[in-house]
Amino acid sequence: MQELDLPIAWTPEEGLIAQANLTAQMRKYGLDSYEAFLQRSFEDPDWFWRAFFEDIGFHWHTPYQQTLDLSAGKPWAKWFVGGRLNWTYNALDRHVQAGNGERLALVWEGEEGATRHYTYHQLLTEVNALARGLQSLGVQPGDRVGLFLPFTPEVAIALLALSRIGAIALPLFSGFGPEPVQTRLQDAEARWLFVADGFPRRGKIVPMKEVADAALQAVETVERVIVVERAGRGLTLNSPREIRYTDLLQPGAFEPPAFDSDHPCMMIYTSGTTGKPKAAYHVHAGFPIKAAQDMYHLFDLKPSDTISWLTDIGWMMGPWLIMGGLILGATVFMYDGSPDYPAPDRLWTLVERHGITVLGITPTMIRALMREGETYADRHSMPSLRLLGSTGEPWNPEPWLWTFEHVGKRRVPIINYSGGTEISGGILGCVVLRPLKPCSFNTAVPGVDACVFNEQGIPVQGEVGYLVVRNVNPGMTRSFWRDPDRYLQTYWSRWEGVWDHGDLCLLDADGYWYILGRADDTLKIAGKRVGPAEIESVLVEHPAVVEAGVIGVPDEIKGQAAVAFVVLKPGYEWSDTLAQELLQLVARRIGKPLMPKAVHAVSELPKTRNAKIMRRVIRAAYLGEPTGDLSALENPHSVQIIRQLRQG
């Protein structure tokens with residue numbers, strides 16, 4: 001792993017350490033080192049969570065009597081037993097009651113340049129009006145409600161209002177076609193659906209209402225459809241079950257009821273390799289709390305911060321941003337548009353215009369912006385920016401270093417963050433108390449006892465293994481929706497009492513962690529196990545390559561061999577000579593036995609809407625096998641390109 005074992009690139013200044021949330025907690029509880037804090041977070045969950053709630057001012061309507069009940073086993077852990085709460089009270093009411101009602105809660109900018117601003121008092125007023133309207137419509141606690149909306153204030157208000165009345169939000173990717181919308185609404189037996197008329201992308205309107213209409217033809221459970229007019233298309237409501245969002249609002253006070261700690265608030269679907277998508281099932285004392293805790297400890301979020309993430313409500317980072325940011329009393333900035341439209345510096349312009357202090361990106365987005373050169377990032381000083389966040393997929397060194405140099409100006413740390421929808425956030429992350437190596441994570445998330453296991457379930461360091469969690473935390477899904485057997489099989493079946501997250505991971509001799517891809521993407525070549533990211537990182541070092549995906553295919557001699565797919569930077573043309581250069585580069589860097597048997601150039605790689613390269617789809621298409629569920633793909637046409645390579 002020498003291509004990832006790079007020297008330390010960033011070291012925290014004493015002033016940053018002194019002002020960090022973690023430092024304040026360590027000082028308050030008499031812990032003389034971060035290592036001591038981290039270990040206590042693993043060993044004493046009662047102390048850890050009570051300290052967190054006290055230090056952020058979290059409100060329980062009824063205090064819980066027991067932090068953690070494991071009597072039914074780890075997969076069925078019960079948290080905060082006896083407690084009652086409403087997470088939206090902590091996101092809105094308590095800030096207003098504390099005298100912070102005029103602080104900015106939410107700022108939004110659309111691709112076309114429109115902006116909106118909401119103080120905490122104004123946001124509370126909007127959420128209450130929608131909550132009252134939803135109740136008058138007949139929405140009940142426990143009802144599933146689809147959110148098929150772009151990333152606008154209305155989707156945040158709807159998420160808050162649904163939780164406020166005890167309903168279950170069902171976030172849906174705004175770019176979905178009819179089939180995945182239909183599948184998820186049917187599986188959840190949703191009774192209600194929010195939908196927009198459309199949204200602008202790269203100067204054109206992407207329709208949404210027509211997609212929903214097509215999906216609903218086969219969904220019998222949906223009773224009413226709430227239409228948000230985002231694109232201003234002047235649509236006529238064409239059925240009695242449709243109602244305009246603005247007509248539903250009923251201004252007035254609303255006292256949020258308190259719910260049991262395990263009352264559901266959200267279901268988020270994630271795609272499986274085969275079969276139907278699975279729905280993670282999250283509760284009031286789960287996802288919102290974990291989101292806030294990760295922001296507090298990893299991203300050092302404070303009420304003075306403005307946090308933004310390039311996301312969608314259908315990716316867990318959308319609800320994560322809204323829930324965690326508002327619970328901690330910060331300003332949440334939402335952008336609904338392309339990061340490089342109308343110019344490649346749109347994102348950096350947003351940072352400067354709105355004073356964003358914490359910005360979430362993805363390696364895929366950075367690779368795309370790198371094609372345009374560093375000039376666009378270099379012309380923006382972005383003085384407000386103090387932290388960069390990254391999630392969605394592993395880094396390669398070149399884009400990480402480019403981001404650190406040209407976006408962060410060598411002063412801003414990149415908080416690498418990895419976990420998942422099913423765990424409400426992070427397993428691994430970074431803290432501002434420790435130095436950073438490129439592409440790495442410098443800590444397990446506080447409260448999450450992460451480890452790397454080998455095939456025999458023995459902890460290892462310095463070799464590639466499987467990322468696991470040895471304890472439990474409130475963010476873990478309470479099962480899959482109506483599929484407990486699949487939940488147990490997916491996470492709890494390999495090692496007794498251990499959460500198997502399904503990622504390949506390396507913990508190096510210095511204590512830095514690296515995610516190397518999904519375990520089911522692992523290649524085993526001539527008996528040696530290698531993660532795809534190890535070969536991909538070498539390929540993207542070549543000046544012609546902006547992105548790479550590597551899969552394993554059957555091989556008569558080695559058992560399995562690597563095949564690589566690369567996306568070229570503008571100005572480069574594919575040739576046999578370039579192909580040989582790439583193969584020899586891999587051979588020199590990590591050994592000839594691991595050199596791919598073939599390398600292909602493609603215009604793009606299959607990716608999910610949260611920017612993950614779908615290697616299992618690449619493999620299936622290349623080998624002519626069934627591709628499974630493709631509903632999460634951003635670019636399904638890319639699959640046919642790979643099929644044609646195999647046929648050719």
# chains A, B, ... in the order shown; residues from 1 in each chain; ligands from 1
$ residues_around --residues "Gly549 of chain A" --least-positions-apart "6" --cutoff "12 Å" --atoms "only C-alpha atoms" --output "PyMOL selection string"
chain A and resi 364+393-394+396+517+521+531-540+562-567+596+599-602+604-607+612-619+642
$ select_by_dssp --residues "segment 254-343 of chain A" --states "strand (DSSP E)" --output "list in words"
Phe259, Asp260, Pro264, Cys265, Met266, Met267, Ile268, Tyr269, Thr270, Lys278, Ala279, Ala280, Tyr281, His282, Val283, Thr306, Ile307, Ser308, Trp309, Thr331, Val332, Phe333, Met334, Tyr335 and Asp336 of chain A
$ write_last_selection --atoms "C-alpha atoms" --output "compact mmCIF listing (two decimals), in the first residue's frame"
# COMPACT_ATOMS: atom_id res chain seq x y z
CA PHE A 259 -42.41 10.08 21.26
CA ASP A 260 -40.73 6.99 22.65
CA PRO A 264 -39.58 5.76 13.71
CA CYS A 265 -38.88 8.96 11.79
CA MET A 266 -37.33 7.88 8.49
CA MET A 267 -36.78 5.00 6.07
CA ILE A 268 -33.93 5.29 3.55
CA TYR A 269 -33.54 2.75 0.79
CA THR A 270 -30.12 1.49 -0.25
CA LYS A 278 -33.46 -2.57 1.34
CA ALA A 279 -34.85 0.13 3.64
CA ALA A 280 -32.87 1.16 6.70
CA TYR A 281 -35.30 1.98 9.51
CA HIS A 282 -34.36 4.97 11.68
CA VAL A 283 -35.84 6.43 14.86
CA THR A 306 -22.36 27.49 8.12
CA ILE A 307 -22.26 23.88 6.93
CA SER A 308 -23.06 22.67 3.44
CA TRP A 309 -22.87 19.37 1.57
CA THR A 331 -26.63 27.49 9.71
CA VAL A 332 -27.40 24.86 7.07
CA PHE A 333 -26.69 25.91 3.49
CA MET A 334 -28.50 24.01 0.73
CA TYR A 335 -27.61 24.19 -2.95
CA ASP A 336 -29.90 22.86 -5.64
$ residues_around --residues "segment 188-203 of chain A" --least-positions-apart "5" --cutoff "7 Å" --atoms "only C-alpha atoms" --output "list in words"
Glu111, Asp143, Arg144, Val145, Gly146, Leu147, Phe148, Leu149, Pro150, Met208, Lys209, Thr221, Val222, Glu223, Arg224, Val225, Ile226, Val227, Val228, Glu229, Arg230, Ala231, Arg233, Gly337, Ser338 and Tyr341 of chain A
$ residues_around --residues "segment 55-71 of chain A" --least-positions-apart "3" --cutoff "10 Å" --atoms "only C-alpha atoms" --output "MDAnalysis selection string"
chainID A and resid 21 24:25 28 45:52 74:87 89:91 94:95 257:261 289 292:293 296 302 327:329 472:474
$ select_by_dssp --residues "segment 271-344 of chain A" --states "helix (DSSP H, G or I)" --output "PDB file with C-alpha atoms, in the first residue's frame"
ATOM      1  CA  PHE A 287     -30.232   8.955  13.059  1.00  0.00           C
ATOM      2  CA  PRO A 288     -30.702  12.598  14.189  1.00  0.00           C
ATOM      3  CA  ILE A 289     -28.603  12.070  17.318  1.00  0.00           C
ATOM      4  CA  LYS A 290     -25.825  10.218  15.504  1.00  0.00           C
ATOM      5  CA  ALA A 291     -25.701  12.927  12.799  1.00  0.00           C
ATOM      6  CA  ALA A 292     -25.326  15.661  15.424  1.00  0.00           C
ATOM      7  CA  GLN A 293     -22.711  13.701  17.380  1.00  0.00           C
ATOM      8  CA  ASP A 294     -20.563  13.103  14.289  1.00  0.00           C
ATOM      9  CA  MET A 295     -20.755  16.769  13.345  1.00  0.00           C
ATOM     10  CA  TYR A 296     -19.840  17.807  16.900  1.00  0.00           C
ATOM     11  CA  HIS A 297     -16.824  15.525  17.288  1.00  0.00           C
ATOM     12  CA  MET A 317     -26.105  13.038   3.627  1.00  0.00           C
ATOM     13  CA  GLY A 318     -29.196  15.145   2.829  1.00  0.00           C
ATOM     14  CA  PRO A 319     -31.141  14.257   5.994  1.00  0.00           C
ATOM     15  CA  TRP A 320     -27.803  14.100   7.874  1.00  0.00           C
ATOM     16  CA  LEU A 321     -27.025  17.706   6.958  1.00  0.00           C
ATOM     17  CA  ILE A 322     -30.465  18.991   7.936  1.00  0.00           C
ATOM     18  CA  MET A 323     -30.853  17.017  11.156  1.00  0.00           C
ATOM     19  CA  GLY A 324     -27.351  17.335  12.561  1.00  0.00           C
ATOM     20  CA  GLY A 325     -26.766  20.929  11.515  1.00  0.00           C
ATOM     21  CA  LEU A 326     -30.017  22.223  13.021  1.00  0.00           C
ATOM     22  CA  ILE A 327     -29.719  20.206  16.243  1.00  0.00           C
TER      23      ILE A 327
END
$ atom_distance --atom1 "atom CA of Pro153 of chain A" --atom2 "atom CA of Gly360 of chain A"
18.3 Å
$ residues_around --residues "Gly177 of chain A" --least-positions-apart "4" --cutoff "10 Å" --atoms "only C-alpha atoms" --output "list of chain:residue names"
A:Phe173, A:Val181, A:Gln182, A:Met208, A:Glu210, A:Val211, A:Ala212, A:Ala214, A:Ala215, A:Ser631, A:Ala632
$ write_last_selection --atoms "N, CA and C atoms" --output "PDB file, in the first residue's frame"
ATOM      1  N   PHE A 173     -34.452   9.885  -4.327  1.00  0.00           N
ATOM      2  CA  PHE A 173     -33.547  10.675  -5.159  1.00  0.00           C
ATOM      3  C   PHE A 173     -34.331  11.492  -6.181  1.00  0.00           C
ATOM      4  N   VAL A 181     -39.097   4.905  -8.085  1.00  0.00           N
ATOM      5  CA  VAL A 181     -40.080   5.596  -7.242  1.00  0.00           C
ATOM      6  C   VAL A 181     -41.232   4.651  -6.920  1.00  0.00           C
ATOM      7  N   GLN A 182     -41.729   3.990  -7.939  1.00  0.00           N
ATOM      8  CA  GLN A 182     -42.827   3.042  -7.750  1.00  0.00           C
ATOM      9  C   GLN A 182     -42.447   1.922  -6.785  1.00  0.00           C
ATOM     10  N   MET A 208     -40.294  16.400 -12.830  1.00  0.00           N
ATOM     11  CA  MET A 208     -40.468  15.406 -11.762  1.00  0.00           C
ATOM     12  C   MET A 208     -41.916  14.936 -11.651  1.00  0.00           C
ATOM     13  N   GLU A 210     -44.180  14.415 -13.884  1.00  0.00           N
ATOM     14  CA  GLU A 210     -44.529  13.363 -14.843  1.00  0.00           C
ATOM     15  C   GLU A 210     -43.970  12.005 -14.412  1.00  0.00           C
ATOM     16  N   VAL A 211     -42.777  12.036 -13.812  1.00  0.00           N
ATOM     17  CA  VAL A 211     -42.181  10.797 -13.301  1.00  0.00           C
ATOM     18  C   VAL A 211     -43.059  10.220 -12.197  1.00  0.00           C
ATOM     19  N   ALA A 212     -43.480  11.084 -11.280  1.00  0.00           N
ATOM     20  CA  ALA A 212     -44.337  10.628 -10.188  1.00  0.00           C
ATOM     21  C   ALA A 212     -45.677  10.115 -10.714  1.00  0.00           C
ATOM     22  N   ALA A 214     -46.327   8.707 -13.547  1.00  0.00           N
ATOM     23  CA  ALA A 214     -46.125   7.373 -14.132  1.00  0.00           C
ATOM     24  C   ALA A 214     -45.938   6.324 -13.045  1.00  0.00           C
ATOM     25  N   ALA A 215     -45.179   6.680 -11.999  1.00  0.00           N
ATOM     26  CA  ALA A 215     -44.939   5.728 -10.909  1.00  0.00           C
ATOM     27  C   ALA A 215     -46.226   5.393 -10.164  1.00  0.00           C
ATOM     28  N   SER A 631     -31.391   1.014  -9.928  1.00  0.00           N
ATOM     29  CA  SER A 631     -32.202   2.217  -9.696  1.00  0.00           C
ATOM     30  C   SER A 631     -31.398   3.366  -9.112  1.00  0.00           C
ATOM     31  N   ALA A 632     -30.278   3.065  -8.456  1.00  0.00           N
ATOM     32  CA  ALA A 632     -29.487   4.140  -7.853  1.00  0.00           C
ATOM     33  C   ALA A 632     -28.474   4.743  -8.813  1.00  0.00           C
TER      34      ALA A 632
END
$ residues_around --residues "segment 410-415 of chain A" --least-positions-apart "5" --cutoff "6 Å" --atoms "only C-alpha atoms" --output "PyMOL selection string"
chain A and resi 386-389+404-405+430
$ write_last_selection --atoms "N, CA and C atoms" --output "PDB file, in the first residue's frame"
ATOM      1  N   ARG A 386     -13.107  26.594   6.854  1.00  0.00           N
ATOM      2  CA  ARG A 386     -12.185  26.085   7.867  1.00  0.00           C
ATOM      3  C   ARG A 386     -12.079  24.559   7.893  1.00  0.00           C
ATOM      4  N   LEU A 387     -13.066  23.876   7.306  1.00  0.00           N
ATOM      5  CA  LEU A 387     -13.019  22.419   7.219  1.00  0.00           C
ATOM      6  C   LEU A 387     -13.623  21.967   5.897  1.00  0.00           C
ATOM      7  N   LEU A 388     -13.010  20.951   5.280  1.00  0.00           N
ATOM      8  CA  LEU A 388     -13.597  20.260   4.138  1.00  0.00           C
ATOM      9  C   LEU A 388     -14.009  18.870   4.591  1.00  0.00           C
ATOM     10  N   GLY A 389     -15.172  18.439   4.156  1.00  0.00           N
ATOM     11  CA  GLY A 389     -15.614  17.079   4.444  1.00  0.00           C
ATOM     12  C   GLY A 389     -15.659  16.278   3.160  1.00  0.00           C
ATOM     13  N   PHE A 404      -6.475  19.605  -1.318  1.00  0.00           N
ATOM     14  CA  PHE A 404      -5.759  20.212  -0.190  1.00  0.00           C
ATOM     15  C   PHE A 404      -5.010  21.468  -0.632  1.00  0.00           C
ATOM     16  N   GLU A 405      -4.394  21.400  -1.816  1.00  0.00           N
ATOM     17  CA  GLU A 405      -3.586  22.510  -2.313  1.00  0.00           C
ATOM     18  C   GLU A 405      -4.434  23.657  -2.844  1.00  0.00           C
ATOM     19  N   CYS A 430     -12.169  11.763  10.820  1.00  0.00           N
ATOM     20  CA  CYS A 430     -10.979  12.518  11.212  1.00  0.00           C
ATOM     21  C   CYS A 430     -11.382  13.531  12.276  1.00  0.00           C
TER      22      CYS A 430
END
$ closest_residue --among "A:Ile515, A:Leu488, A:Leu385, A:Val96" --to "Leu350 of chain A" --atoms "only C-alpha atoms"
A:Leu385
$ residues_around --residues "Leu162 of chain A" --least-positions-apart "5" --cutoff "10 Å" --atoms "only C-alpha atoms" --output "list in words"
Thr88, Val127, Leu130, Ala131, Leu134, Gln135, Val139, Gln140, Pro141, Gly142, Asp143, Arg144, Val145, Ile157, Ala167, Ile168, Ala169, Leu170, Cys265 and Met266 of chain A
$ write_last_selection --atoms "N, CA and C atoms" --output "PDB file, in the first residue's frame"
ATOM      1  N   THR A  88     -37.236  17.173  16.410  1.00  0.00           N
ATOM      2  CA  THR A  88     -37.429  18.491  15.802  1.00  0.00           C
ATOM      3  C   THR A  88     -37.508  19.594  16.856  1.00  0.00           C
ATOM      4  N   VAL A 127     -42.410  25.235   9.539  1.00  0.00           N
ATOM      5  CA  VAL A 127     -42.581  23.815   9.878  1.00  0.00           C
ATOM      6  C   VAL A 127     -43.895  23.597  10.615  1.00  0.00           C
ATOM      7  N   LEU A 130     -46.824  23.634   8.145  1.00  0.00           N
ATOM      8  CA  LEU A 130     -46.949  22.402   7.373  1.00  0.00           C
ATOM      9  C   LEU A 130     -47.400  21.243   8.256  1.00  0.00           C
ATOM     10  N   ALA A 131     -46.905  21.189   9.486  1.00  0.00           N
ATOM     11  CA  ALA A 131     -47.332  20.128  10.399  1.00  0.00           C
ATOM     12  C   ALA A 131     -48.840  20.197  10.630  1.00  0.00           C
ATOM     13  N   LEU A 134     -50.594  18.995   7.436  1.00  0.00           N
ATOM     14  CA  LEU A 134     -50.515  17.542   7.259  1.00  0.00           C
ATOM     15  C   LEU A 134     -51.500  16.823   8.170  1.00  0.00           C
ATOM     16  N   GLN A 135     -51.617  17.298   9.402  1.00  0.00           N
ATOM     17  CA  GLN A 135     -52.576  16.675  10.315  1.00  0.00           C
ATOM     18  C   GLN A 135     -54.012  16.860   9.822  1.00  0.00           C
ATOM     19  N   VAL A 139     -52.734  12.880   7.890  1.00  0.00           N
ATOM     20  CA  VAL A 139     -51.481  12.147   8.089  1.00  0.00           C
ATOM     21  C   VAL A 139     -51.360  11.763   9.558  1.00  0.00           C
ATOM     22  N   GLN A 140     -51.081  10.481   9.804  1.00  0.00           N
ATOM     23  CA  GLN A 140     -51.046   9.927  11.153  1.00  0.00           C
ATOM     24  C   GLN A 140     -49.628   9.516  11.536  1.00  0.00           C
ATOM     25  N   PRO A 141     -49.332   9.439  12.841  1.00  0.00           N
ATOM     26  CA  PRO A 141     -48.050   8.875  13.263  1.00  0.00           C
ATOM     27  C   PRO A 141     -47.856   7.474  12.678  1.00  0.00           C
ATOM     28  N   GLY A 142     -46.674   7.228  12.172  1.00  0.00           N
ATOM     29  CA  GLY A 142     -46.380   5.930  11.560  1.00  0.00           C
ATOM     30  C   GLY A 142     -46.653   5.852  10.073  1.00  0.00           C
ATOM     31  N   ASP A 143     -47.394   6.812   9.501  1.00  0.00           N
ATOM     32  CA  ASP A 143     -47.623   6.829   8.052  1.00  0.00           C
ATOM     33  C   ASP A 143     -46.304   7.065   7.323  1.00  0.00           C
ATOM     34  N   ARG A 144     -46.125   6.363   6.210  1.00  0.00           N
ATOM     35  CA  ARG A 144     -44.952   6.590   5.370  1.00  0.00           C
ATOM     36  C   ARG A 144     -45.288   7.630   4.307  1.00  0.00           C
ATOM     37  N   VAL A 145     -44.386   8.609   4.169  1.00  0.00           N
ATOM     38  CA  VAL A 145     -44.630   9.745   3.275  1.00  0.00           C
ATOM     39  C   VAL A 145     -43.418   9.940   2.373  1.00  0.00           C
ATOM     40  N   ILE A 157     -38.226  21.475   5.221  1.00  0.00           N
ATOM     41  CA  ILE A 157     -39.427  21.768   6.011  1.00  0.00           C
ATOM     42  C   ILE A 157     -40.316  20.527   6.098  1.00  0.00           C
ATOM     43  N   ALA A 167     -44.871  11.032  11.738  1.00  0.00           N
ATOM     44  CA  ALA A 167     -44.901  10.264  10.495  1.00  0.00           C
ATOM     45  C   ALA A 167     -43.477   9.845  10.110  1.00  0.00           C
ATOM     46  N   ILE A 168     -43.368   8.999   9.097  1.00  0.00           N
ATOM     47  CA  ILE A 168     -42.083   8.456   8.662  1.00  0.00           C
ATOM     48  C   ILE A 168     -41.747   8.999   7.278  1.00  0.00           C
ATOM     49  N   ALA A 169     -40.658   9.743   7.178  1.00  0.00           N
ATOM     50  CA  ALA A 169     -40.222  10.286   5.896  1.00  0.00           C
ATOM     51  C   ALA A 169     -39.563   9.197   5.061  1.00  0.00           C
ATOM     52  N   LEU A 170     -39.841   9.238   3.772  1.00  0.00           N
ATOM     53  CA  LEU A 170     -39.279   8.286   2.818  1.00  0.00           C
ATOM     54  C   LEU A 170     -38.549   9.086   1.737  1.00  0.00           C
ATOM     55  N   CYS A 265     -38.764   7.650  12.433  1.00  0.00           N
ATOM     56  CA  CYS A 265     -38.876   8.963  11.795  1.00  0.00           C
ATOM     57  C   CYS A 265     -38.507   8.922  10.315  1.00  0.00           C
ATOM     58  N   MET A 266     -37.809   7.854   9.869  1.00  0.00           N
ATOM     59  CA  MET A 266     -37.333   7.878   8.486  1.00  0.00           C
ATOM     60  C   MET A 266     -36.973   6.468   8.024  1.00  0.00           C
TER      61      MET A 266
END
$ closest_residue --among "A:Gln461, A:Thr443, A:Ser381, A:Thr627" --to "Tyr417 of chain A" --atoms "only C-alpha atoms"
A:Thr443
$ closest_residue --among "A:Glu398, A:Glu374, A:Asp500, A:Glu35" --to "Gly419 of chain A" --atoms "only C-alpha atoms"
A:Asp500
$ decode --residues "segment 613-634 of chain A" --atoms "N, CA and C atoms" --output "PDB file, in the first residue's frame"
ATOM      1  N   ILE A 613     -18.587   4.606  -7.375  1.00  0.00           N
ATOM      2  CA  ILE A 613     -18.407   3.784  -8.569  1.00  0.00           C
ATOM      3  C   ILE A 613     -19.005   2.404  -8.304  1.00  0.00           C
ATOM      4  N   MET A 614     -19.866   1.944  -9.197  1.00  0.00           N
ATOM      5  CA  MET A 614     -20.562   0.664  -9.027  1.00  0.00           C
ATOM      6  C   MET A 614     -19.753  -0.452  -9.709  1.00  0.00           C
ATOM      7  N   ARG A 615     -18.746  -0.942  -9.006  1.00  0.00           N
ATOM      8  CA  ARG A 615     -17.873  -1.960  -9.591  1.00  0.00           C
ATOM      9  C   ARG A 615     -18.611  -3.262  -9.874  1.00  0.00           C
ATOM     10  N   ARG A 616     -19.547  -3.606  -9.032  1.00  0.00           N
ATOM     11  CA  ARG A 616     -20.273  -4.860  -9.280  1.00  0.00           C
ATOM     12  C   ARG A 616     -21.102  -4.752 -10.564  1.00  0.00           C
ATOM     13  N   VAL A 617     -21.556  -3.541 -10.902  1.00  0.00           N
ATOM     14  CA  VAL A 617     -22.277  -3.340 -12.155  1.00  0.00           C
ATOM     15  C   VAL A 617     -21.304  -3.420 -13.334  1.00  0.00           C
ATOM     16  N   ILE A 618     -20.133  -2.813 -13.170  1.00  0.00           N
ATOM     17  CA  ILE A 618     -19.115  -2.913 -14.221  1.00  0.00           C
ATOM     18  C   ILE A 618     -18.794  -4.378 -14.500  1.00  0.00           C
ATOM     19  N   ARG A 619     -18.588  -5.128 -13.438  1.00  0.00           N
ATOM     20  CA  ARG A 619     -18.213  -6.544 -13.600  1.00  0.00           C
ATOM     21  C   ARG A 619     -19.325  -7.330 -14.287  1.00  0.00           C
ATOM     22  N   ALA A 620     -20.552  -7.132 -13.814  1.00  0.00           N
ATOM     23  CA  ALA A 620     -21.667  -7.886 -14.400  1.00  0.00           C
ATOM     24  C   ALA A 620     -21.849  -7.544 -15.877  1.00  0.00           C
ATOM     25  N   ALA A 621     -21.760  -6.257 -16.208  1.00  0.00           N
ATOM     26  CA  ALA A 621     -21.931  -5.851 -17.606  1.00  0.00           C
ATOM     27  C   ALA A 621     -20.805  -6.403 -18.474  1.00  0.00           C
ATOM     28  N   TYR A 622     -19.597  -6.353 -17.963  1.00  0.00           N
ATOM     29  CA  TYR A 622     -18.442  -6.815 -18.744  1.00  0.00           C
ATOM     30  C   TYR A 622     -18.481  -8.326 -18.964  1.00  0.00           C
ATOM     31  N   LEU A 623     -18.978  -9.054 -17.973  1.00  0.00           N
ATOM     32  CA  LEU A 623     -19.030 -10.518 -18.080  1.00  0.00           C
ATOM     33  C   LEU A 623     -20.346 -11.016 -18.662  1.00  0.00           C
ATOM     34  N   GLY A 624     -21.257 -10.103 -18.973  1.00  0.00           N
ATOM     35  CA  GLY A 624     -22.536 -10.511 -19.536  1.00  0.00           C
ATOM     36  C   GLY A 624     -23.464 -11.155 -18.535  1.00  0.00           C
ATOM     37  N   GLU A 625     -23.320 -10.780 -17.261  1.00  0.00           N
ATOM     38  CA  GLU A 625     -24.154 -11.338 -16.193  1.00  0.00           C
ATOM     39  C   GLU A 625     -25.277 -10.364 -15.846  1.00  0.00           C
ATOM     40  N   PRO A 626     -26.316 -10.829 -15.125  1.00  0.00           N
ATOM     41  CA  PRO A 626     -27.373  -9.907 -14.691  1.00  0.00           C
ATOM     42  C   PRO A 626     -26.795  -8.790 -13.823  1.00  0.00           C
ATOM     43  N   THR A 627     -27.221  -7.575 -14.070  1.00  0.00           N
ATOM     44  CA  THR A 627     -26.653  -6.432 -13.360  1.00  0.00           C
ATOM     45  C   THR A 627     -27.364  -6.113 -12.047  1.00  0.00           C
ATOM     46  N   GLY A 628     -28.486  -6.777 -11.760  1.00  0.00           N
ATOM     47  CA  GLY A 628     -29.188  -6.518 -10.506  1.00  0.00           C
ATOM     48  C   GLY A 628     -29.869  -5.163 -10.506  1.00  0.00           C
ATOM     49  N   ASP A 629     -30.085  -4.630  -9.310  1.00  0.00           N
ATOM     50  CA  ASP A 629     -30.808  -3.371  -9.148  1.00  0.00           C
ATOM     51  C   ASP A 629     -29.955  -2.198  -9.638  1.00  0.00           C
ATOM     52  N   LEU A 630     -30.462  -1.439 -10.598  1.00  0.00           N
ATOM     53  CA  LEU A 630     -29.749  -0.289 -11.156  1.00  0.00           C
ATOM     54  C   LEU A 630     -30.434   1.035 -10.836  1.00  0.00           C
ATOM     55  N   SER A 631     -31.391   1.014  -9.928  1.00  0.00           N
ATOM     56  CA  SER A 631     -32.202   2.217  -9.696  1.00  0.00           C
ATOM     57  C   SER A 631     -31.398   3.366  -9.112  1.00  0.00           C
ATOM     58  N   ALA A 632     -30.278   3.065  -8.456  1.00  0.00           N
ATOM     59  CA  ALA A 632     -29.487   4.140  -7.853  1.00  0.00           C
ATOM     60  C   ALA A 632     -28.474   4.743  -8.813  1.00  0.00           C
ATOM     61  N   LEU A 633     -28.394   4.239 -10.045  1.00  0.00           N
ATOM     62  CA  LEU A 633     -27.391   4.736 -10.992  1.00  0.00           C
ATOM     63  C   LEU A 633     -27.728   6.145 -11.485  1.00  0.00           C
ATOM     64  N   GLU A 634     -26.714   6.978 -11.504  1.00  0.00           N
ATOM     65  CA  GLU A 634     -26.855   8.319 -12.065  1.00  0.00           C
ATOM     66  C   GLU A 634     -26.831   8.269 -13.587  1.00  0.00           C
TER      67      GLU A 634
END
